[in-house]
$ cat my_file_31.json   # JSON, C-alpha atoms
[["chain", "number", "residue", "atom", "x", "y", "z"],
["A", 942, "MET", "CA", -32.17, -22.42, 13.80],
["A", 943, "GLU", "CA", -34.87, -23.35, 16.24],
["A", 944, "ALA", "CA", -36.93, -26.39, 15.17],
["A", 945, "SER", "CA", -40.26, -24.59, 15.54],
["A", 946, "ILE", "CA", -39.13, -21.79, 13.23],
["A", 947, "ALA", "CA", -37.86, -24.28, 10.65],
["A", 948, "PHE", "CA", -41.21, -26.12, 10.82],
["A", 949, "ARG", "CA", -43.12, -22.84, 10.39],
["A", 950, "PHE", "CA", -41.04, -21.87, 7.36],
["A", 951, "MET", "CA", -41.45, -25.31, 5.77],
["A", 952, "ARG", "CA", -45.21, -25.05, 6.28],
["A", 953, "VAL", "CA", -45.17, -21.80, 4.28],
["A", 954, "ALA", "CA", -43.26, -23.60, 1.50],
["A", 955, "TYR", "CA", -45.82, -26.43, 1.66],
["A", 956, "GLU", "CA", -48.70, -23.97, 1.26],
["A", 957, "LEU", "CA", -46.96, -22.56, -1.82],
["A", 958, "ALA", "CA", -46.66, -26.10, -3.19],
["A", 959, "MET", "CA", -50.42, -26.42, -2.76],
["A", 960, "GLU", "CA", -50.82, -23.25, -4.87],
["A", 961, "ALA", "CA", -48.77, -24.92, -7.61],
["A", 962, "ARG", "CA", -50.97, -28.01, -7.42],
["A", 963, "LYS", "CA", -54.11, -25.90, -7.87],
["A", 964, "LEU", "CA", -52.63, -24.71, -11.18],
["A", 965, "ASP", "CA", -51.77, -28.29, -12.21],
["A", 966, "GLU", "CA", -48.08, -27.50, -11.75],
["A", 967, "VAL", "CA", -45.73, -29.98, -10.08],
["A", 968, "PRO", "CA", -46.39, -29.18, -6.39],
["A", 969, "VAL", "CA", -43.14, -27.70, -5.16],
["A", 970, "GLY", "CA", -42.91, -24.61, -2.99],
["A", 971, "ALA", "CA", -39.93, -22.60, -1.77],
["A", 972, "ILE", "CA", -39.15, -19.58, 0.36],
["A", 973, "VAL", "CA", -36.01, -17.58, 1.03],
["A", 974, "THR", "CA", -35.47, -16.25, 4.54],
["A", 975, "ARG", "CA", -33.04, -13.92, 6.23],
["A", 976, "GLY", "CA", -33.19, -14.34, 9.95],
["A", 977, "GLU", "CA", -36.84, -14.85, 10.81],
["A", 978, "LYS", "CA", -38.13, -12.82, 7.85],
["A", 979, "ILE", "CA", -39.35, -14.26, 4.55],
["A", 980, "ILE", "CA", -37.76, -12.29, 1.71],
["A", 981, "GLY", "CA", -38.77, -14.47, -1.25],
["A", 982, "ARG", "CA", -41.55, -16.87, -2.18],
["A", 983, "GLY", "CA", -42.09, -19.18, -5.12],
["A", 984, "PHE", "CA", -43.79, -22.24, -6.48],
["A", 985, "ASN", "CA", -43.41, -24.13, -9.73],
["A", 986, "LYS", "CA", -44.67, -22.12, -12.71],
["A", 987, "THR", "CA", -43.06, -23.91, -15.64],
["A", 988, "ARG", "CA", -46.34, -24.71, -17.39],
["A", 989, "THR", "CA", -48.26, -21.54, -16.57],
["A", 990, "SER", "CA", -45.37, -19.27, -17.55],
["A", 991, "THR", "CA", -44.05, -21.49, -20.37],
["A", 992, "ASP", "CA", -40.63, -21.16, -18.78],
["A", 993, "PRO", "CA", -38.52, -24.28, -18.21],
["A", 994, "THR", "CA", -36.49, -22.45, -15.56],
["A", 995, "ALA", "CA", -39.51, -21.40, -13.46],
["A", 996, "HIS", "CA", -38.93, -23.97, -10.72],
["A", 997, "ALA", "CA", -40.07, -23.01, -7.22],
["A", 998, "GLU", "CA", -36.49, -22.37, -6.09],
["A", 999, "ILE", "CA", -35.70, -20.08, -9.03],
["A", 1000, "VAL", "CA", -38.95, -18.15, -8.61],
["A", 1001, "ALA", "CA", -38.21, -17.70, -4.88],
["A", 1002, "LEU", "CA", -34.62, -16.58, -5.58],
["A", 1003, "ARG", "CA", -35.84, -14.04, -8.15],
["A", 1004, "ASP", "CA", -38.40, -12.72, -5.66],
["A", 1005, "ALA", "CA", -35.79, -12.44, -2.89],
["A", 1006, "ALA", "CA", -33.34, -10.68, -5.21],
["A", 1007, "LYS", "CA", -36.03, -8.20, -6.18],
["A", 1008, "THR", "CA", -37.02, -7.66, -2.54],
["A", 1009, "THR", "CA", -33.44, -7.03, -1.41],
["A", 1010, "GLY", "CA", -32.24, -5.26, -4.54],
["A", 1011, "ASN", "CA", -29.33, -7.68, -4.80],
["A", 1012, "PHE", "CA", -28.83, -10.99, -6.60],
["A", 1013, "ARG", "CA", -26.34, -12.03, -3.91],
["A", 1014, "LEU", "CA", -28.45, -13.39, -1.09],
["A", 1015, "ILE", "CA", -25.70, -13.62, 1.50],
["A", 1016, "ASP", "CA", -26.87, -14.83, 4.95],
["A", 1017, "ALA", "CA", -30.15, -16.06, 3.44],
["A", 1018, "ASP", "CA", -31.60, -19.56, 3.75],
["A", 1019, "MET", "CA", -33.96, -21.49, 1.48],
["A", 1020, "PHE", "CA", -36.75, -23.83, 2.53],
["A", 1021, "VAL", "CA", -38.10, -26.07, -0.23],
["A", 1022, "THR", "CA", -40.53, -28.96, -0.12],
["A", 1023, "ILE", "CA", -38.49, -31.28, -2.40],
["A", 1024, "GLU", "CA", -34.78, -31.85, -2.97],
["A", 1025, "PRO", "CA", -33.62, -29.37, -5.64],
["A", 1026, "CYS", "CA", -32.54, -30.41, -9.14],
["A", 1027, "THR", "CA", -29.14, -29.67, -10.67],
["A", 1028, "MET", "CA", -30.25, -26.32, -12.14],
["A", 1029, "CYS", "CA", -31.67, -25.14, -8.83],
["A", 1030, "ALA", "CA", -28.67, -26.36, -6.84],
["A", 1031, "GLY", "CA", -26.44, -24.32, -9.14],
["A", 1032, "ALA", "CA", -28.65, -21.27, -8.68],
["A", 1033, "LEU", "CA", -28.33, -21.59, -4.89],
["A", 1034, "VAL", "CA", -24.55, -21.46, -5.25],
["A", 1035, "HIS", "CA", -24.67, -18.43, -7.58],
["A", 1036, "ALA", "CA", -27.05, -16.62, -5.23],
["A", 1037, "ARG", "CA", -24.75, -17.38, -2.28],
["A", 1038, "ILE", "CA", -27.52, -18.98, -0.20],
["A", 1039, "ARG", "CA", -26.17, -19.81, 3.24],
["A", 1040, "LYS", "CA", -28.25, -22.90, 4.04],
["A", 1041, "LEU", "CA", -30.75, -25.10, 2.21],
["A", 1042, "HIS", "CA", -33.50, -26.93, 4.09],
["A", 1043, "PHE", "CA", -35.42, -29.45, 1.98],
["A", 1044, "ALA", "CA", -38.21, -31.70, 3.19],
["A", 1045, "ALA", "CA", -38.27, -34.77, 0.94],
["A", 1046, "LEU", "CA", -35.85, -36.56, -1.34],
["A", 1047, "GLU", "CA", -36.44, -36.58, -5.10],
["A", 1048, "PRO", "CA", -34.88, -39.91, -6.17],
["A", 1049, "ARG", "CA", -34.96, -39.21, -9.92],
["A", 1050, "SER", "CA", -33.82, -35.63, -10.25],
["A", 1051, "GLY", "CA", -32.77, -34.49, -6.78],
["A", 1052, "ALA", "CA", -29.20, -33.24, -7.02],
["A", 1053, "ILE", "CA", -28.30, -32.72, -3.36],
["A", 1054, "LEU", "CA", -28.28, -36.28, -1.98],
["A", 1055, "SER", "CA", -30.11, -38.47, -4.51],
["A", 1056, "THR", "CA", -28.07, -38.11, -7.71],
["A", 1057, "ALA", "CA", -25.39, -35.54, -8.63],
["A", 1058, "LYS", "CA", -24.62, -34.25, -5.10],
["A", 1059, "VAL", "CA", -23.92, -30.85, -6.62],
["A", 1060, "LEU", "CA", -23.41, -29.01, -3.34],
["A", 1061, "ASP", "CA", -20.65, -31.42, -2.31],
["A", 1062, "ASN", "CA", -18.49, -30.42, -5.29],
["A", 1063, "SER", "CA", -15.28, -29.04, -3.75],
["A", 1064, "SER", "CA", -14.52, -26.91, -6.83],
["A", 1065, "LEU", "CA", -17.51, -24.62, -6.29],
["A", 1066, "ASN", "CA", -16.73, -21.02, -5.35],
["A", 1067, "HIS", "CA", -19.40, -21.03, -2.61],
["A", 1068, "ARG", "CA", -20.49, -23.73, -0.18],
["A", 1069, "VAL", "CA", -24.18, -24.12, 0.63],
["A", 1070, "ILE", "CA", -24.88, -25.98, 3.87],
["A", 1071, "TYR", "CA", -27.86, -28.30, 3.57],
["A", 1072, "GLN", "CA", -30.14, -30.48, 5.68],
["A", 1073, "ARG", "CA", -33.33, -32.50, 5.28],
["A", 1074, "GLY", "CA", -36.60, -31.86, 7.06],
["A", 1075, "PRO", "CA", -38.99, -31.00, 8.54],
["A", 1076, "CYS", "CA", -42.32, -32.12, 6.98],
["A", 1077, "GLU", "CA", -40.68, -34.86, 4.91],
["A", 1078, "GLU", "CA", -43.61, -37.30, 4.88],
["A", 1079, "GLU", "CA", -46.21, -34.66, 4.05],
["A", 1080, "CYS", "CA", -44.19, -33.19, 1.18],
["A", 1081, "ALA", "CA", -43.29, -36.61, -0.25],
["A", 1082, "LEU", "CA", -46.94, -37.65, -0.15],
["A", 1083, "LEU", "CA", -48.01, -34.47, -1.97],
["A", 1084, "MET", "CA", -45.66, -35.32, -4.85],
["A", 1085, "LYS", "CA", -46.59, -39.00, -4.88],
["A", 1086, "ASN", "CA", -50.32, -38.25, -5.02],
["A", 1087, "PHE", "CA", -49.87, -35.61, -7.73],
["A", 1088, "PHE", "CA", -48.04, -37.99, -10.05],
["A", 1089, "ALA", "CA", -50.33, -40.94, -9.22],
["A", 1090, "ALA", "CA", -53.31, -38.85, -10.37],
["A", 1091, "LYS", "CA", -51.50, -38.14, -13.67],
["A", 1092, "ARG", "CA", -51.09, -41.86, -14.50]]

$ encode --input "my_file_31.json" --output "structure tokens"
Amino acid sequence: MEASIAFRFMRVAYELAMEARKLDEVPVGAIVTRGEKIIGRGFNKTRTSTDPTAHAEIVALRDAAKTTGNFRLIDADMFVTIEPCTMCAGALVHARIRKLHFAALEPRSGAILSTAKVLDNSSLNHRVIYQRGPCEEECALLMKNFFAAKR
């Protein structure tokens, strides 16, 4: 994927994270793409929807599944501002996401590189390719500032 397209998609995810922040939700945003088209959008809604599973990635996957009429999102990619947790990594596998792009590491609960390394599990029935970037510094700073204001 061309770097300028990846940057543009991550900027859309970042803007969704800003929407979450406005609602006092943890500022994470995600989109699902197929080719150069956005087919799903989401941001954290756990507090506003009283749903512990309403992470940005899950909301975006649900939106993409509804848009396409299929829960299997074959040949689709996800762009998310922060490294996904274990639940979200599992959902990417079940949805058959082709590639995950995440901007910043989440040292405490990130399950791609930081902790569990879920997507590297060779027993999974689907392999999700993943890579970091772009917009890492901006997305990390958004999270850092959000939690600093809470303390």

$ residues_around --input "my_file_31.json" --residues "segment 956-959 of chain A" --least-positions-apart "6" --cutoff "6 Å" --atoms "all atoms listed in the file" --output "VMD selection string"
chain A and resid 968 to 970 984

$ closest_residue --input "my_file_31.json" --among "A:Val1059, A:Cys1029, A:Ile979, A:Ala961" --to "Met1084 of chain A" --atoms "only C-alpha atoms"
A:Ala961

$ closest_residue --input "my_file_31.json" --among "A:Phe1020, A:Glu1077, A:Glu966, A:Arg1092" --to "Ser990 of chain A" --atoms "only C-alpha atoms"
A:Glu966

$ residues_around --input "my_file_31.json" --residues "Leu1033 of chain A" --least-positions-apart "6" --cutoff "9 Å" --atoms "only C-alpha atoms" --output "VMD selection string"
chain A and resid 998 to 999 1002 1019 1039 1041 1069

$ write_last_selection --input "my_file_31.json" --atoms "C-alpha atoms" --output "PDB file, in the frame of the given file"
ATOM      1  CA  GLU A 998     -36.490 -22.370  -6.090  1.00  0.00           C
ATOM      2  CA  ILE A 999     -35.700 -20.080  -9.030  1.00  0.00           C
ATOM      3  CA  LEU A1002     -34.620 -16.580  -5.580  1.00  0.00           C
ATOM      4  CA  MET A1019     -33.960 -21.490   1.480  1.00  0.00           C
ATOM      5  CA  ARG A1039     -26.170 -19.810   3.240  1.00  0.00           C
ATOM      6  CA  LEU A1041     -30.750 -25.100   2.210  1.00  0.00           C
ATOM      7  CA  VAL A1069     -24.180 -24.120   0.630  1.00  0.00           C
TER       8      VAL A1069
END

$ residues_around --input "my_file_31.json" --residues "Ser1050 of chain A" --least-positions-apart "6" --cutoff "9 Å" --atoms "all atoms listed in the file" --output "list in words"
Glu1024, Pro1025, Cys1026, Thr1027, Thr1056 and Ala1057 of chain A

$ atom_distance --input "my_file_31.json" --atom1 "atom CA of Lys1007 of chain A" --atom2 "atom CA of Ala954 of chain A"
18.7 Å

$ closest_residue --input "my_file_31.json" --among "A:Val1034, A:Ala995, A:Ile972, A:Val1000" --to "Val1021 of chain A" --atoms "all atoms listed in the file"
A:Ile972

$ closest_residue --input "my_file_31.json" --among "A:Ala1001, A:Cys1080, A:Ile1070, A:Leu1065" --to "Asp1016 of chain A" --atoms "all atoms listed in the file"
A:Ile1070
